[in-house]
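Student: Contents of coords-v3.tsv (TSV, C-alpha atoms and all ligand atoms) are given next:
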chain	number	residue	atom	x	y	z
Y	1	MET	CA	43.40	-10.00	14.18
Y	2	LEU	CA	43.18	-12.31	11.17
Y	3	GLY	CA	46.95	-12.57	11.09
Y	4	LYS	CA	46.94	-13.64	14.72
Y	5	LEU	CA	44.25	-16.19	14.07
Y	6	SER	CA	46.14	-17.89	11.25
Y	7	GLU	CA	49.27	-17.70	13.35
Y	8	MET	CA	47.45	-19.58	16.10
Y	9	LYS	CA	46.12	-22.12	13.63
Y	10	ASN	CA	49.62	-22.72	12.33
Y	11	LYS	CA	50.89	-23.22	15.84
Y	12	ILE	CA	48.19	-25.75	16.52
Y	13	LYS	CA	49.12	-27.57	13.34
Y	14	GLY	CA	52.67	-27.58	14.60
Y	15	LYS	CA	54.10	-25.49	11.80
Y	16	GLU	CA	55.37	-22.17	12.83
Y	17	ARG	CA	56.48	-20.51	9.66
Y	18	ARG	CA	58.26	-17.28	9.14
Y	19	THR	CA	57.73	-16.62	5.49
Y	20	GLN	CA	60.58	-14.91	3.69
Y	21	PHE	CA	59.71	-12.33	1.05
Y	22	TYR	CA	61.68	-11.57	-2.09
Y	23	PHE	CA	60.95	-8.62	-4.32
Y	24	PHE	CA	62.35	-7.87	-7.76
Y	25	SER	CA	62.15	-4.37	-9.12
Y	26	GLY	CA	63.43	-2.77	-12.30
Y	27	LYS	CA	62.05	-1.34	-15.50
Y	28	GLY	CA	60.22	-3.40	-18.09
Y	29	GLY	CA	62.26	-5.94	-19.99
Y	30	VAL	CA	65.35	-6.03	-17.77
Y	31	GLY	CA	64.57	-9.51	-16.47
Y	32	LYS	CA	62.40	-9.27	-13.35
Y	33	SER	CA	60.19	-12.19	-14.31
Y	34	SER	CA	63.18	-14.28	-15.38
Y	35	CYS	CA	65.11	-13.63	-12.16
Y	36	SER	CA	62.13	-13.99	-9.86
Y	37	SER	CA	61.01	-17.20	-11.55
Y	38	ALA	CA	64.55	-18.58	-11.36
Y	39	THR	CA	64.63	-17.66	-7.67
Y	40	ALA	CA	61.31	-19.34	-6.95
Y	41	LEU	CA	62.42	-22.48	-8.77
Y	42	HIS	CA	65.68	-22.47	-6.85
Y	43	PHE	CA	63.88	-22.31	-3.48
Y	44	ALA	CA	61.34	-24.95	-4.47
Y	45	LYS	CA	64.11	-27.32	-5.52
Y	46	GLY	CA	65.76	-26.66	-2.18
Y	47	GLY	CA	62.64	-27.98	-0.44
Y	48	LYS	CA	61.01	-24.69	0.46
Y	49	LYS	CA	57.31	-24.33	-0.17
Y	50	THR	CA	57.38	-21.36	-2.50
Y	51	LEU	CA	54.79	-19.08	-4.05
Y	52	ILE	CA	55.65	-16.76	-6.90
Y	53	LEU	CA	53.23	-13.91	-7.40
Y	54	SER	CA	52.93	-11.46	-10.25
Y	55	THR	CA	50.82	-8.34	-10.52
Y	56	ASP	CA	52.03	-7.62	-14.02
Y	57	PRO	CA	49.10	-7.37	-16.45
Y	58	ALA	CA	51.34	-8.82	-19.17
Y	59	HIS	CA	51.30	-12.12	-17.23
Y	60	SER	CA	54.88	-12.97	-17.97
Y	61	LEU	CA	55.11	-15.78	-15.41
Y	62	SER	CA	53.25	-18.04	-17.80
Y	63	ASP	CA	55.96	-17.29	-20.37
Y	64	SER	CA	58.80	-17.75	-17.90
Y	65	PHE	CA	57.59	-21.16	-16.81
Y	66	GLU	CA	55.95	-22.08	-20.11
Y	67	ILE	CA	52.88	-23.10	-18.15
Y	68	LYS	CA	49.55	-21.32	-18.30
Y	69	ILE	CA	49.06	-19.81	-14.85
Y	70	GLY	CA	46.28	-17.29	-14.15
Y	71	GLY	CA	44.34	-15.74	-11.30
Y	72	GLU	CA	44.22	-18.79	-9.05
Y	73	ILE	CA	47.15	-20.37	-7.26
Y	74	LYS	CA	48.53	-23.17	-9.41
Y	75	GLU	CA	51.01	-25.86	-8.43
Y	76	LEU	CA	53.76	-25.92	-11.07
Y	77	ARG	CA	55.81	-28.70	-9.54
Y	78	LYS	CA	56.66	-29.96	-6.07
Y	79	ASN	CA	56.85	-27.02	-3.67
Y	80	LEU	CA	56.33	-24.46	-6.42
Y	81	TYR	CA	53.12	-22.44	-6.67
Y	82	ALA	CA	52.32	-19.46	-8.85
Y	83	ILE	CA	49.59	-16.89	-9.30
Y	84	GLU	CA	49.14	-14.03	-11.73
Y	85	ILE	CA	47.01	-11.33	-10.21
Y	86	ASP	CA	45.34	-8.97	-12.61
Y	87	PRO	CA	45.69	-5.50	-11.05
Y	88	LYS	CA	42.94	-4.05	-13.21
Y	89	LYS	CA	40.51	-6.75	-12.18
Y	90	THR	CA	41.50	-6.37	-8.54
Y	91	MET	CA	40.92	-2.66	-8.75
Y	92	GLU	CA	37.57	-3.11	-10.48
Y	93	GLU	CA	36.47	-5.42	-7.69
Y	94	TYR	CA	37.42	-2.84	-5.14
Y	95	LYS	CA	35.79	-0.06	-7.07
Y	96	GLU	CA	32.59	-2.00	-7.33
Y	97	LYS	CA	32.67	-2.63	-3.63
Y	98	PHE	CA	33.49	0.88	-2.63
Y	99	SER	CA	32.37	2.95	-5.62
Y	100	THR	CA	34.69	5.92	-5.40
Y	101	ASN	CA	33.39	9.21	-6.62
Y	102	VAL	CA	34.73	12.67	-7.05
Y	103	GLU	CA	31.76	14.19	-5.29
Y	104	GLY	CA	32.74	12.43	-2.10
Y	105	MET	CA	36.31	13.57	-2.45
Y	106	GLU	CA	35.15	17.16	-2.50
Y	107	MET	CA	33.08	16.59	0.56
Y	108	LEU	CA	36.13	15.18	2.31
Y	109	SER	CA	38.13	18.25	1.66
Y	110	ASN	CA	35.23	20.39	2.82
Y	111	LEU	CA	35.40	18.49	6.07
Y	112	GLY	CA	39.10	19.28	6.29
Y	113	LEU	CA	40.08	15.67	5.67
Y	114	GLY	CA	41.27	16.03	2.10
Y	115	ASP	CA	44.80	16.69	3.33
Y	116	ALA	CA	45.00	13.42	5.15
Y	117	PHE	CA	44.16	11.61	1.95
Y	118	ASP	CA	46.69	13.60	0.01
Y	119	ILE	CA	49.52	12.99	2.40
Y	120	ALA	CA	48.79	9.31	2.37
Y	121	GLY	CA	48.64	9.25	-1.40
Y	122	MET	CA	45.05	8.18	-1.22
Y	123	THR	CA	43.69	10.59	-3.76
Y	124	PRO	CA	44.38	8.47	-6.80
Y	125	GLY	CA	45.23	5.57	-4.53
Y	126	ILE	CA	42.34	3.14	-4.57
Y	127	ASP	CA	44.18	0.94	-7.09
Y	128	GLU	CA	47.36	0.96	-5.05
Y	129	MET	CA	45.44	0.21	-1.90
Y	130	ALA	CA	43.84	-2.69	-3.73
Y	131	SER	CA	47.16	-4.20	-4.76
Y	132	LEU	CA	48.80	-3.60	-1.40
Y	133	ASP	CA	45.83	-5.22	0.26
Y	134	LYS	CA	46.15	-8.23	-2.03
Y	135	ILE	CA	49.87	-8.46	-1.35
Y	136	MET	CA	49.17	-8.22	2.36
Y	137	GLN	CA	46.76	-11.14	2.27
Y	138	PHE	CA	49.55	-13.34	0.97
Y	139	MET	CA	52.18	-11.86	3.24
Y	140	ASN	CA	50.13	-12.67	6.31
Y	141	SER	CA	49.05	-16.16	5.35
Y	142	ASN	CA	52.13	-18.04	6.64
Y	143	GLU	CA	51.33	-20.73	4.09
Y	144	TYR	CA	54.70	-20.62	2.40
Y	145	ASP	CA	58.35	-20.66	3.36
Y	146	ALA	CA	59.10	-18.15	0.65
Y	147	ILE	CA	57.00	-15.74	-1.36
Y	148	VAL	CA	58.65	-14.29	-4.42
Y	149	PHE	CA	57.14	-11.16	-5.94
Y	150	ASP	CA	57.81	-10.71	-9.61
Y	151	THR	CA	57.46	-6.97	-9.12
Y	152	ALA	CA	58.09	-4.68	-6.18
Y	153	PRO	CA	55.56	-2.18	-4.87
Y	154	THR	CA	55.94	1.14	-6.66
Y	155	GLY	CA	56.55	4.48	-4.98
Y	156	HIS	CA	52.81	5.12	-5.00
Y	157	THR	CA	52.03	1.90	-3.21
Y	158	LEU	CA	54.80	2.50	-0.71
Y	159	ARG	CA	53.33	5.85	0.16
Y	160	LEU	CA	50.41	3.99	1.68
Y	161	LEU	CA	52.78	2.71	4.33
Y	162	SER	CA	52.71	6.19	5.83
Y	163	LEU	CA	48.97	5.96	6.27
Y	164	PRO	CA	49.09	4.67	9.85
Y	165	ASP	CA	50.82	7.86	10.94
Y	166	VAL	CA	48.22	9.90	9.14
Y	167	LEU	CA	45.47	7.78	10.57
Y	168	ASP	CA	46.65	8.58	14.05
Y	169	THR	CA	45.89	12.21	13.56
Y	170	TRP	CA	42.77	11.24	11.69
Y	171	LEU	CA	41.23	8.95	14.22
Y	172	GLY	CA	40.49	11.63	16.72
Y	173	LYS	CA	38.90	13.68	13.99
Y	174	MET	CA	36.87	10.73	12.84
Y	175	ILE	CA	35.39	9.94	16.17
Y	176	THR	CA	34.24	13.48	16.70
Y	177	LEU	CA	32.94	13.62	13.19
Y	178	LYS	CA	31.08	10.38	13.63
Y	179	MET	CA	28.99	11.97	16.28
Y	180	LYS	CA	28.51	15.21	14.46
Y	181	PHE	CA	27.83	14.00	10.95
Y	182	SER	CA	26.97	10.34	10.81
Y	183	GLY	CA	26.30	10.80	7.10
Y	184	ALA	CA	29.90	11.74	6.56
Y	185	ILE	CA	31.03	8.53	8.16
Y	186	ASP	CA	28.89	6.49	5.80
Y	187	MET	CA	30.68	8.17	2.98
Y	188	PHE	CA	34.04	6.88	4.10
Y	189	LYS	CA	33.07	3.37	3.23
Y	190	LYS	CA	33.17	4.44	-0.37
Y	191	PHE	CA	36.85	5.23	-0.21
Y	192	LEU	CA	38.48	2.77	2.05
Y	193	PRO	CA	38.85	-0.80	0.92
Y	194	PHE	CA	38.31	-2.99	3.94
Y	195	GLY	CA	38.88	-6.67	3.44
Y	196	ASP	CA	36.01	-8.22	5.29
Y	197	SER	CA	33.40	-5.53	5.15
Y	198	GLY	CA	30.86	-7.58	3.22
Y	199	ASP	CA	28.00	-6.03	1.32
Y	200	LYS	CA	27.23	-3.18	3.65
Y	201	PRO	CA	30.54	-1.95	4.96
Y	202	LYS	CA	30.21	0.25	7.98
Y	203	ILE	CA	33.30	2.22	8.72
Y	204	ASP	CA	33.92	2.96	12.33
Y	205	ALA	CA	36.91	3.63	14.49
Y	206	ASP	CA	37.40	-0.12	15.04
Y	207	GLN	CA	37.75	-0.76	11.37
Y	208	LEU	CA	40.14	2.09	10.98
Y	209	GLU	CA	42.17	0.48	13.73
Y	210	VAL	CA	42.13	-2.83	11.86
Y	211	MET	CA	43.28	-1.12	8.71
Y	212	LYS	CA	45.97	0.71	10.60
Y	213	GLU	CA	47.10	-2.53	12.16
Y	214	ARG	CA	47.36	-4.16	8.77
Y	215	LEU	CA	49.40	-1.36	7.32
Y	216	LEU	CA	51.68	-1.31	10.35
Y	217	GLN	CA	52.20	-5.02	9.87
Y	218	ALA	CA	53.00	-4.51	6.21
Y	219	ARG	CA	55.45	-1.80	7.08
Y	220	ALA	CA	57.10	-3.93	9.72
Y	221	LEU	CA	57.48	-6.83	7.28
Y	222	LEU	CA	58.63	-4.77	4.34
Y	223	THR	CA	61.27	-2.97	6.36
Y	224	ASN	CA	62.56	-6.04	8.18
Y	225	PRO	CA	65.77	-7.22	6.49
Y	226	GLU	CA	65.41	-10.59	8.19
Y	227	ARG	CA	62.12	-11.24	6.45
Y	228	THR	CA	62.30	-9.26	3.23
Y	229	SER	CA	64.94	-9.12	0.52
Y	230	TYR	CA	64.83	-6.54	-2.21
Y	231	ASN	CA	66.55	-7.19	-5.49
Y	232	ILE	CA	67.00	-4.52	-8.09
Y	233	VAL	CA	67.34	-5.90	-11.59
Y	234	THR	CA	69.17	-3.75	-14.09
Y	235	ILE	CA	71.05	-3.98	-17.35
Y	236	ALA	CA	74.42	-2.42	-18.09
Y	237	GLU	CA	73.00	0.65	-19.77
Y	238	GLU	CA	73.00	4.23	-18.58
Y	239	MET	CA	69.23	4.65	-18.47
Y	240	SER	CA	68.70	1.47	-16.51
Y	241	ILE	CA	71.41	2.40	-14.01
Y	242	TYR	CA	69.79	5.77	-13.53
Y	243	GLU	CA	66.44	4.11	-12.97
Y	244	SER	CA	67.95	1.78	-10.37
Y	245	GLN	CA	69.43	4.70	-8.49
Y	246	ARG	CA	66.04	6.33	-8.33
Y	247	SER	CA	64.38	3.15	-7.06
Y	248	LEU	CA	67.03	2.88	-4.39
Y	249	GLU	CA	66.28	6.41	-3.26
Y	250	VAL	CA	62.56	5.74	-3.01
Y	251	LEU	CA	63.11	2.51	-1.11
Y	252	LYS	CA	65.51	4.23	1.24
Y	253	GLU	CA	62.87	6.83	1.97
Y	254	TYR	CA	60.70	4.04	3.35
Y	255	ASN	CA	63.56	2.27	5.13
Y	256	ILE	CA	63.24	-0.71	2.86
Y	257	PRO	CA	66.53	-2.55	2.77
Y	258	VAL	CA	67.90	-3.50	-0.63
Y	259	LYS	CA	70.24	-6.45	-0.64
Y	260	THR	CA	71.19	-7.24	-4.18
Y	261	ILE	CA	71.67	-5.60	-7.54
Y	262	ILE	CA	71.33	-8.04	-10.42
Y	263	VAL	CA	73.00	-6.99	-13.66
Y	264	ASN	CA	71.31	-9.02	-16.35
Y	265	GLN	CA	71.91	-9.63	-20.04
Y	266	LEU	CA	75.66	-9.14	-20.07
Y	267	VAL	CA	77.07	-10.04	-23.48
Y	268	PRO	CA	79.62	-12.83	-23.09
Y	269	GLU	CA	83.10	-12.66	-24.54
Y	270	ASN	CA	83.29	-13.68	-28.18
Y	271	PRO	CA	86.40	-12.44	-29.99
Y	272	SER	CA	85.22	-13.70	-33.37
Y	273	CYS	CA	82.12	-11.50	-33.24
Y	274	LYS	CA	82.85	-7.83	-33.85
Y	275	PHE	CA	79.38	-6.72	-32.90
Y	276	CYS	CA	79.39	-8.72	-29.65
Y	277	THR	CA	82.82	-7.35	-28.75
Y	278	ALA	CA	81.65	-3.77	-29.24
Y	279	ARG	CA	78.46	-4.36	-27.22
Y	280	ARG	CA	80.41	-6.09	-24.54
Y	281	GLY	CA	82.92	-3.22	-24.39
Y	282	SER	CA	80.22	-0.65	-23.78
Y	283	GLN	CA	78.48	-2.89	-21.23
Y	284	GLN	CA	81.70	-3.51	-19.32
Y	285	LYS	CA	82.18	0.24	-18.97
Y	286	GLN	CA	78.69	0.55	-17.52
Y	287	LEU	CA	79.32	-2.48	-15.34
Y	288	ASN	CA	82.35	-0.77	-13.82
Y	289	LYS	CA	80.15	2.22	-13.14
Y	290	ILE	CA	77.62	-0.07	-11.45
Y	291	HIS	CA	80.33	-1.42	-9.17
Y	292	GLU	CA	81.36	2.14	-8.30
Y	293	ILE	CA	77.83	3.40	-7.63
Y	294	PHE	CA	76.39	0.31	-5.96
Y	295	GLY	CA	79.54	-0.90	-4.28
Y	296	LYS	CA	77.89	-1.45	-0.93
Y	297	TYR	CA	75.34	-3.90	-2.32
Y	298	GLU	CA	75.83	-7.45	-3.37
Y	299	ILE	CA	76.18	-7.37	-7.16
Y	300	LYS	CA	75.26	-10.43	-9.21
Y	301	GLU	CA	75.89	-10.80	-12.90
Y	302	VAL	CA	73.82	-12.82	-15.36
Y	303	PRO	CA	74.92	-13.27	-18.97
Y	304	LEU	CA	72.79	-12.75	-22.03
Y	305	PHE	CA	71.78	-16.18	-23.24
Y	306	GLU	CA	71.32	-17.28	-26.82
Y	307	SER	CA	67.66	-17.91	-26.24
Y	308	GLU	CA	64.96	-16.36	-24.10
Y	309	VAL	CA	64.56	-17.41	-20.50
Y	310	HIS	CA	61.53	-19.66	-20.91
Y	311	GLY	CA	60.99	-23.01	-19.23
Y	312	PHE	CA	62.53	-24.78	-16.24
Y	313	LYS	CA	65.81	-25.55	-18.02
Y	314	MET	CA	66.58	-21.92	-18.80
Y	315	LEU	CA	65.40	-20.81	-15.36
Y	316	GLU	CA	67.81	-23.27	-13.80
Y	317	LYS	CA	70.58	-21.70	-15.84
Y	318	VAL	CA	69.70	-18.25	-14.52
Y	319	ALA	CA	69.46	-19.61	-10.98
Y	320	LYS	CA	72.97	-21.01	-11.31
Y	321	TYR	CA	74.30	-17.50	-11.91
Y	322	LEU	CA	72.22	-16.05	-9.11
Y	323	TYR	CA	72.74	-18.71	-6.45
Y	324	GLY	CA	75.69	-20.79	-7.61
O	1	LIG	N1	69.85	-13.17	-19.48
O	1	LIG	C1	68.97	-13.28	-20.47
O	1	LIG	N2	69.33	-13.83	-21.65
O	1	LIG	C2	68.42	-13.94	-22.65
O	1	LIG	N3	67.17	-13.51	-22.59
O	1	LIG	C3	66.75	-12.94	-21.44
O	1	LIG	C4	67.64	-12.79	-20.31
O	1	LIG	N4	66.94	-12.21	-19.30
O	1	LIG	C5	65.70	-12.00	-19.77
O	1	LIG	N5	65.58	-12.42	-21.06
O	1	LIG	C6	64.40	-12.34	-21.91
O	1	LIG	O1	64.10	-10.97	-22.06
O	1	LIG	C7	62.69	-10.75	-22.02
O	1	LIG	C8	62.35	-9.84	-20.86
O	1	LIG	O2	62.66	-10.52	-19.64
O	1	LIG	P1	61.63	-10.55	-18.42
O	1	LIG	O3	62.23	-11.41	-17.39
O	1	LIG	O4	60.27	-10.89	-18.91
O	1	LIG	O5	61.71	-9.01	-18.00
O	1	LIG	P2	60.72	-8.13	-17.07
O	1	LIG	O6	59.93	-9.06	-16.25
O	1	LIG	O7	61.64	-7.26	-16.28
O	1	LIG	O8	59.89	-7.32	-18.02
O	1	LIG	C9	62.06	-12.11	-21.90
O	1	LIG	O9	61.71	-12.55	-23.18
O	1	LIG	C10	63.17	-12.98	-21.32
O	1	LIG	O10	63.05	-14.32	-21.70
O	2	MG	MG	57.84	-9.29	-16.14
I'd like the structure from this file rewritten - as structure tokens, please.
Tutor:
Amino acid sequence: MLGKLSEMKNKIKGKERRTQFYFFSGKGGVGKSSCSSATALHFAKGGKKTLILSTDPAHSLSDSFEIKIGGEIKELRKNLYAIEIDPKKTMEEYKEKFSTNVEGMEMLSNLGLGDAFDIAGMTPGIDEMASLDKIMQFMNSNEYDAIVFDTAPTGHTLRLLSLPDVLDTWLGKMITLKMKFSGAIDMFKKFLPFGDSGDKPKIDADQLEVMKERLLQARALLTNPERTSYNIVTIAEEMSIYESQRSLEVLKEYNIPVKTIIVNQLVPENPSCKFCTARRGSQQKQLNKIHEIFGKYEIKEVPLFESEVHGFKMLEKVAKYLYG
């Protein structure tokens, strides 16, 4: 509904945008923030209105750009906007709004609905729902040509994408239940974060439909290779390669197309440095392995620089390796 409304508004304003989404996943320290920031800068310089969004509590975007960012959208330069969302704060807001409690969970399972929550990964999932919901708000806004996510949704968050299927089986149950135990329905409002429910959220079948619609939309966007590009950032080390393989498996499970593997921090050739040569040797072995394992993806290589990737100048350097 809301998506359609903003779509209509955009049409009236004469700008029909189809925002492109770019995700960067990988374990801590491999270079997600560096690569995503470089990507956002690259798009902005190319004239695309770009938002880069981080949900990393360490707030590394501020470091990458050397500009204090924070929880509100900030314009960094022409066409480049950034926001650092605090996942803890987001979750607290949701919790306050919907005050989850264990007691209610037990009641759910007594009603035979505990399973539905489990399948959907809802049991510990209020935080994931909160971040997915936040991500969705931006994904549906059509404000930007490109939205770059410093981090990709984790396996837990992705599990929520199965919720619509679960909800289908649920809905029937809910409607019957609503008549039988109206008290039980009231309780649902404590679990399900609904965007516009105001102070006194009342959960009914309509709202479940809205939620379902939103998740279906998210799923459609996240699995559409024409709208969404997934980048896996890795380094040429065994553990990181292993981690990347696992991420690929999870993403495949949800039909999320991965486009690119970025191998970061490759030690450049330097014959006069024994240490560098040894490090490089071991990395090149792992790099060959990466080409074997991930042969069907586009593989991009970024060297290890002398200094950290902070500031526009360094980000431009990274972008040169990523986008030529
Ligand atoms: N190719 C590189 N050369 C030099 N330093 C790098 C490179 N890539 C990343 N770094 C530095 O390594 C650290 C971790 O990178 P970052 O992008 O923050 O990783 P992540 O977001 O995955 O945790 C940062 O200090 C960053 O500046
Ligand atoms: Mg980071």
Student: Around all listed atoms of stretch 215-222 of chain Y, padded 3 Å per side, what centre and edge lengths does the axis-aligned box have in Å to one decimal, as JSON?
Tutor:
{"center_x": 54.0, "center_y": -4.1, "center_z": 7.3, "size_x": 15.2, "size_y": 11.5, "size_z": 12.0}
Student: Taking all atoms listed in the file into account, which residues are within 6 Å of ligand MG 2 (chain O), as a PyMOL selection string?
Tutor: chain Y and resi 32-33+60
Student: Go through the chains and note each residue within 10 Å of ligand LIG 1 (chain O), using all atoms listed in the file, then give the set as a PDB file with C-alpha atoms, in the coordinates of the input.
Tutor:
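Printed below is out02.pdb as written:
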ATOM      1  CA  PHE Y  24      62.350  -7.870  -7.760  1.00  0.00           C
ATOM      2  CA  SER Y  25      62.150  -4.370  -9.120  1.00  0.00           C
ATOM      3  CA  GLY Y  26      63.430  -2.770 -12.300  1.00  0.00           C
ATOM      4  CA  LYS Y  27      62.050  -1.340 -15.500  1.00  0.00           C
ATOM      5  CA  GLY Y  28      60.220  -3.400 -18.090  1.00  0.00           C
ATOM      6  CA  GLY Y  29      62.260  -5.940 -19.990  1.00  0.00           C
ATOM      7  CA  VAL Y  30      65.350  -6.030 -17.770  1.00  0.00           C
ATOM      8  CA  GLY Y  31      64.570  -9.510 -16.470  1.00  0.00           C
ATOM      9  CA  LYS Y  32      62.400  -9.270 -13.350  1.00  0.00           C
ATOM     10  CA  SER Y  33      60.190 -12.190 -14.310  1.00  0.00           C
ATOM     11  CA  SER Y  34      63.180 -14.280 -15.380  1.00  0.00           C
ATOM     12  CA  CYS Y  35      65.110 -13.630 -12.160  1.00  0.00           C
ATOM     13  CA  SER Y  36      62.130 -13.990  -9.860  1.00  0.00           C
ATOM     14  CA  SER Y  37      61.010 -17.200 -11.550  1.00  0.00           C
ATOM     15  CA  ALA Y  38      64.550 -18.580 -11.360  1.00  0.00           C
ATOM     16  CA  SER Y  54      52.930 -11.460 -10.250  1.00  0.00           C
ATOM     17  CA  ASP Y  56      52.030  -7.620 -14.020  1.00  0.00           C
ATOM     18  CA  ALA Y  58      51.340  -8.820 -19.170  1.00  0.00           C
ATOM     19  CA  HIS Y  59      51.300 -12.120 -17.230  1.00  0.00           C
ATOM     20  CA  SER Y  60      54.880 -12.970 -17.970  1.00  0.00           C
ATOM     21  CA  LEU Y  61      55.110 -15.780 -15.410  1.00  0.00           C
ATOM     22  CA  ASP Y  63      55.960 -17.290 -20.370  1.00  0.00           C
ATOM     23  CA  SER Y  64      58.800 -17.750 -17.900  1.00  0.00           C
ATOM     24  CA  ASP Y 150      57.810 -10.710  -9.610  1.00  0.00           C
ATOM     25  CA  THR Y 151      57.460  -6.970  -9.120  1.00  0.00           C
ATOM     26  CA  VAL Y 233      67.340  -5.900 -11.590  1.00  0.00           C
ATOM     27  CA  THR Y 234      69.170  -3.750 -14.090  1.00  0.00           C
ATOM     28  CA  ILE Y 235      71.050  -3.980 -17.350  1.00  0.00           C
ATOM     29  CA  VAL Y 263      73.000  -6.990 -13.660  1.00  0.00           C
ATOM     30  CA  ASN Y 264      71.310  -9.020 -16.350  1.00  0.00           C
ATOM     31  CA  GLN Y 265      71.910  -9.630 -20.040  1.00  0.00           C
ATOM     32  CA  LEU Y 266      75.660  -9.140 -20.070  1.00  0.00           C
ATOM     33  CA  VAL Y 267      77.070 -10.040 -23.480  1.00  0.00           C
ATOM     34  CA  GLU Y 301      75.890 -10.800 -12.900  1.00  0.00           C
ATOM     35  CA  VAL Y 302      73.820 -12.820 -15.360  1.00  0.00           C
ATOM     36  CA  PRO Y 303      74.920 -13.270 -18.970  1.00  0.00           C
ATOM     37  CA  LEU Y 304      72.790 -12.750 -22.030  1.00  0.00           C
ATOM     38  CA  PHE Y 305      71.780 -16.180 -23.240  1.00  0.00           C
ATOM     39  CA  GLU Y 306      71.320 -17.280 -26.820  1.00  0.00           C
ATOM     40  CA  SER Y 307      67.660 -17.910 -26.240  1.00  0.00           C
ATOM     41  CA  GLU Y 308      64.960 -16.360 -24.100  1.00  0.00           C
ATOM     42  CA  VAL Y 309      64.560 -17.410 -20.500  1.00  0.00           C
ATOM     43  CA  HIS Y 310      61.530 -19.660 -20.910  1.00  0.00           C
ATOM     44  CA  GLY Y 311      60.990 -23.010 -19.230  1.00  0.00           C
ATOM     45  CA  MET Y 314      66.580 -21.920 -18.800  1.00  0.00           C
ATOM     46  CA  LEU Y 315      65.400 -20.810 -15.360  1.00  0.00           C
ATOM     47  CA  LYS Y 317      70.580 -21.700 -15.840  1.00  0.00           C
ATOM     48  CA  VAL Y 318      69.700 -18.250 -14.520  1.00  0.00           C
ATOM     49  CA  TYR Y 321      74.300 -17.500 -11.910  1.00  0.00           C
TER      50      TYR Y 321
END
Student: How far is it from atom CA of Y:Asn288 to atom CA of Y:Lys252, in Å with one decimal?
Tutor: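 A separation of 23.1 Å between them.
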Student: Looking at Y:Leu76, Y:Ile232, Y:Ala82, Y:Leu216, which one is nearest to Y:Tyr22, with distances taken over only C-alpha atoms?
Tutor: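 Using only C-alpha atoms, the shortest distance to Y:Tyr22 belongs to Y:Ile232.
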Student: Which distance in Å separates atom CA of Y:Leu222 and atom CA of Y:Glu237, to one decimal?
Tutor: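 Distance reported for this atom pair: 28.6 Å.
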Student: Enter the distance from atom CA of Y:Ile290 to atom CA of Y:Val250, in Å, rounded to one decimal.
Tutor: 18.2 Å
Student: Need the neighbours of (80.2, -1.3, -12.5): which residues are at most 12 Å away, counting all atoms listed in the file, as number ranges by chain?
Tutor: Y: 234-238, 241, 261-263, 266, 282-301
Student: So, counting only C-alpha atoms, which residue among Y:Lys259, Y:Lys68, Y:Arg246, Y:Lys320 is closest to Y:Thr223?
Tutor: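 The answer is Y:Lys259, which sits nearest to Y:Thr223.
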Student: So that I can check the surroundings of Y:Leu248, please list as a list in words every protein, DNA and RNA residue that reaches within 10 Å of it, counting only C-alpha atoms and ignoring chain neighbours fewer than 3 positions away.
Tutor: Ser25, Tyr230, Ile232, Tyr242, Glu243, Ser244, Gln245, Leu251, Lys252, Glu253, Ile256, Pro257, Val258 and Phe294 of chain Y
Student: At a cut-off of 12 Å, using all atoms listed in the file, what residues contact Y:Gly47? Leave out same-chain residues fewer than 4 positions from it and give the result as a PyMOL selection string.
Tutor: chain Y and resi 40-43+77-80+144-146
Student: Would you output that residue set with C-alpha atoms, as a short mmCIF file (atom, residue, chain, number, x, y, z; two decimals), in the coordinates of the input?
Tutor:
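Saved as selection_31.cif:
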data_model
loop_
_atom_site.label_atom_id
_atom_site.label_comp_id
_atom_site.auth_asym_id
_atom_site.auth_seq_id
_atom_site.Cartn_x
_atom_site.Cartn_y
_atom_site.Cartn_z
CA ALA Y 40 61.31 -19.34 -6.95
CA LEU Y 41 62.42 -22.48 -8.77
CA HIS Y 42 65.68 -22.47 -6.85
CA PHE Y 43 63.88 -22.31 -3.48
CA ARG Y 77 55.81 -28.70 -9.54
CA LYS Y 78 56.66 -29.96 -6.07
CA ASN Y 79 56.85 -27.02 -3.67
CA LEU Y 80 56.33 -24.46 -6.42
CA TYR Y 144 54.70 -20.62 2.40
CA ASP Y 145 58.35 -20.66 3.36
CA ALA Y 146 59.10 -18.15 0.65
#
Student: Determine the nearest neighbour of Y:Thr19 from the options Y:Thr228, Y:Gln137, Y:Thr260, Y:Ser240, counting only C-alpha atoms.
Tutor: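 Checking each candidate against Y:Thr19, we get Y:Thr228 as the closest.
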Student: For Y:Ile69, list every protein, DNA or RNA residue within 8 Å, evaluated using only C-alpha atoms, and leave out those in the same chain fewer than 4 positions away; present the list as number ranges by chain.
Tutor: Y: 61-62, 73-74, 82-84
